[in-house]
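Okay, so here's the structure we're looking at.
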Amino acid sequence: MAKSTKTSTTPPAFSWSQLWSPAVVNPVNLKSYTVPLFNLRDPYSRAFHLSWLGFFVAFLSWFAFPPLIPDAIKSDLQLTDAQVANSNIVALAATLIVRFAVGPMVDAFGPRKVMAGLLVLGAIPSGLAGTAHNANTLYVIRFFIGILGGTFVPCQAWTSSWFDKNCVGTVNALVGGWGNMGLPCLLLVAVMTLIFGQDHPAGKWSERQNIPAAATTTAAEDQGHHNHFQVDNEKILSSKKDKQSKDHVTVHLVDDPDVDIVINSAVDVAVNEKLTLKSTVEIVLSPLTWLPSLAYLTTFGLELALDAQMANVLFALYSKRIHGFDQTKAGYYTSILYV
């Protein structure tokens, strides 16, 4: 945690100065109550911006093809309507496959490294886009470019591990929305992600369990989520050696040594754990997993279908009706409709 970072046991009331002031951090889980949008010296601000920038450049390259397909690519490669539709399906199918694999990778290596790795992998087929000379090569290139769609997973995981429950929904909406708004850009952001990014407020991804919340998790499960806890820094550091101290532990903040921490929810003391077969089954069967998944399945599929096909539809409808309505204008109108 940065030396200038402030700590607080409760979320502060919103003020505009929070946008450029150091993050106010929950001392239990090291997540920020505030969003220091303009304070790039703050690691919480860098995590926020790098997450949406990574998704942004990935999305930029991922959907660079559709606006060019109606006229340039279709006529140059002499594609049929069925082949154009198949190329769109291939591009989306790759993303669905990759996202299943990316989730466990984020749990194992952290969102920062996974984000950078996906950007580098996606940059290679993006740079080879000009080598497509028939329908089959177009399928192959668009499939591997579709890897970039998997960046949405580390994008959301990154901000979720840095911002607390009072603002994480807003933060995830911002990074997801801004990320939806080229080869050099992909590589540039990948390098920035590795150099300036940080895996977790605790430090390295492997150290994410070394937070005060880890010492109170067992007590929270045994005594209920609405109990009043006092946590002591010294007992937290020695909790691994003396697990009995978890039943009654206290934390003394530097700015207020007598303040107590009130834990109101399991989210306050949630700690990343290694994925096992048993925990995977529990997660998959939980309504908290499959209900949002069903909602996302129905909306995300429609979104991607429109993104891929809208320029083609507009070009087919208006290229002969409106003078000067070419594929460039079809792409412009598609981008406006999408935003």
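Here, A, B, ... name the chains of the structure tokens in the order displayed, residue numbers run from 1 inside each chain, and ligands are numbered from 1 in the same displayed order.
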List every residue of segment 51-103 of chain A that has an atom at most 8 Å from any atom of segment 132-155 of chain A, giving for each one its closest atom pair and the distance in Å to one decimal, counting only C-alpha atoms, sorted by chain and then by ascending residue number, as a tab-separated table.
```
residue	atom	partner	partner_atom	distance
A:Ser51	CA	A:Cys155	CA	4.8
A:Trp52	CA	A:Cys155	CA	6.4
A:Gly54	CA	A:Thr151	CA	7.2
A:Phe55	CA	A:Thr151	CA	5.6
A:Ala58	CA	A:Leu148	CA	5.2
A:Phe59	CA	A:Gly149	CA	6.7
A:Ser61	CA	A:Ile145	CA	7.6
A:Trp62	CA	A:Ile145	CA	6.0
A:Leu77	CA	A:Asn134	CA	5.4
A:Gln78	CA	A:Asn134	CA	7.8
A:Leu79	CA	A:Ala135	CA	6.7
A:Gln83	CA	A:Ala135	CA	6.6
A:Asn86	CA	A:Tyr139	CA	7.7
A:Ser87	CA	A:Tyr139	CA	5.3
A:Asn88	CA	A:Arg142	CA	8.0
A:Val90	CA	A:Phe143	CA	5.4
A:Ala91	CA	A:Phe143	CA	4.7
A:Leu92	CA	A:Gly146	CA	6.3
A:Ala93	CA	A:Phe143	CA	7.5
A:Ala94	CA	A:Gly146	CA	5.1
A:Thr95	CA	A:Gly149	CA	5.1
A:Leu96	CA	A:Gly150	CA	7.8
A:Val98	CA	A:Gly150	CA	5.8
A:Arg99	CA	A:Gly150	CA	5.0
A:Val102	CA	A:Gly150	CA	6.8
A:Gly103	CA	A:Val153	CA	6.6
```
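Taking atom CA of Pro43 of chain A and atom CA of Asp199 of chain A as the two end points, the separation is 9.8 Å.
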Residues near Val168 of chain A, anyone? I mean within 10 Å using only C-alpha atoms, not counting same-chain ones fewer than 3 positions away, as a ChimeraX atom specification.
/A:31-35,156,159-165,171-174
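Reported to one decimal place, the separation of atom CA of Val191 of chain A from atom CA of Leu119 of chain A is 9.5 Å.
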I'd like the neighbourhood of Phe109 of chain A as a PyMOL selection string, where a residue qualifies if any of its atoms comes within 10 Å (using only C-alpha atoms), though same-chain residues fewer than 6 positions away should be ignored.
chain A and resi 199+204-206
Which neighbours of Pro27 of chain A fall inside 8 Å, counting only C-alpha atoms, when residues of the same chain fewer than 4 positions from it are skipped, and could you give them as a ChimeraX atom specification?
/A:7-9,31,212
Keeping only N, CA, C and O atoms, write those residues as a PDB file, in the first residue's frame.
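Ended up saving to part.pdb:
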```pdb
ATOM      1  N   THR A   7      -6.401   5.443   5.404  1.00  0.00           N
ATOM      2  CA  THR A   7      -7.236   4.311   5.775  1.00  0.00           C
ATOM      3  C   THR A   7      -8.462   4.799   6.542  1.00  0.00           C
ATOM      4  O   THR A   7      -8.428   5.835   7.196  1.00  0.00           O
ATOM      5  N   SER A   8      -9.532   4.032   6.427  1.00  0.00           N
ATOM      6  CA  SER A   8     -10.768   4.369   7.121  1.00  0.00           C
ATOM      7  C   SER A   8     -11.563   3.092   7.319  1.00  0.00           C
ATOM      8  O   SER A   8     -11.508   2.172   6.494  1.00  0.00           O
ATOM      9  N   THR A   9     -12.307   3.013   8.428  1.00  0.00           N
ATOM     10  CA  THR A   9     -13.105   1.818   8.703  1.00  0.00           C
ATOM     11  C   THR A   9     -14.475   1.868   8.035  1.00  0.00           C
ATOM     12  O   THR A   9     -15.164   0.862   7.971  1.00  0.00           O
ATOM     13  N   LYS A  31      -8.866  -2.683  -0.006  1.00  0.00           N
ATOM     14  CA  LYS A  31      -9.560  -2.166  -1.184  1.00  0.00           C
ATOM     15  C   LYS A  31      -9.957  -0.711  -0.957  1.00  0.00           C
ATOM     16  O   LYS A  31     -10.196  -0.285   0.169  1.00  0.00           O
ATOM     17  N   PRO A 212      -5.288  -8.122   6.359  1.00  0.00           N
ATOM     18  CA  PRO A 212      -5.939  -8.303   7.657  1.00  0.00           C
ATOM     19  C   PRO A 212      -7.202  -9.156   7.588  1.00  0.00           C
ATOM     20  O   PRO A 212      -7.535  -9.854   8.548  1.00  0.00           O
TER      21      PRO A 212
END
```
Would you list the contacts of segment 275-283 of chain A as an MDAnalysis selection string, taking every protein, DNA or RNA residue within 12 Å and counting only C-alpha atoms, but skipping same-chain residues closer than 6 positions in sequence?
chainID A and resid 103:108 289:291 293
Restrict the selected residues to N, CA and C atoms and save them as a compact mmCIF listing (two decimals), in the first residue's frame.
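Result saved to part-v6.txt:
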```txt
# COMPACT_ATOMS: atom_id res chain seq x y z
N GLY A 103 -10.42 -17.30 -17.00
CA GLY A 103 -10.83 -17.17 -15.60
C GLY A 103 -9.89 -17.88 -14.64
N PRO A 104 -9.63 -19.18 -14.80
CA PRO A 104 -8.66 -19.86 -13.93
C PRO A 104 -7.26 -19.28 -14.03
N MET A 105 -6.89 -18.77 -15.20
CA MET A 105 -5.57 -18.17 -15.35
C MET A 105 -5.45 -16.90 -14.51
N VAL A 106 -6.52 -16.12 -14.46
CA VAL A 106 -6.52 -14.92 -13.62
C VAL A 106 -6.37 -15.31 -12.15
N ASP A 107 -7.08 -16.37 -11.73
CA ASP A 107 -6.97 -16.82 -10.35
C ASP A 107 -5.54 -17.26 -10.00
N ALA A 108 -4.86 -17.85 -10.99
CA ALA A 108 -3.52 -18.39 -10.74
C ALA A 108 -2.43 -17.34 -10.84
N THR A 289 -23.94 -17.42 -9.48
CA THR A 289 -23.11 -17.61 -10.66
C THR A 289 -23.95 -17.76 -11.91
N TRP A 290 -24.92 -18.70 -11.90
CA TRP A 290 -25.59 -19.00 -13.15
C TRP A 290 -26.71 -18.03 -13.52
N LEU A 291 -27.29 -17.33 -12.54
CA LEU A 291 -28.30 -16.34 -12.90
C LEU A 291 -27.70 -15.15 -13.66
N SER A 293 -24.99 -15.25 -15.29
CA SER A 293 -24.46 -15.82 -16.53
C SER A 293 -25.54 -15.91 -17.60
```
Near Val313 of chain A, counting only C-alpha atoms, which residues have an atom at most 12 Å away, once you skip same-chain residues fewer than 3 positions from it, shown as a VMD selection string?
chain A and resid 66 to 67 69 to 71 81 84 to 85 305 to 310 316 to 319 327 330 to 331 333 to 334
Nearest residue to Asn180 of chain A out of A:Glu303, A:Asp76, A:Glu207, A:Asp326, using only C-alpha atoms?
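When distances to Asn180 of chain A are compared using only C-alpha atoms, the smallest one comes from A:Glu303.
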Correct to one decimal, the distance atom CA of His200 of chain A-atom CA of Pro22 of chain A is 16.5 Å
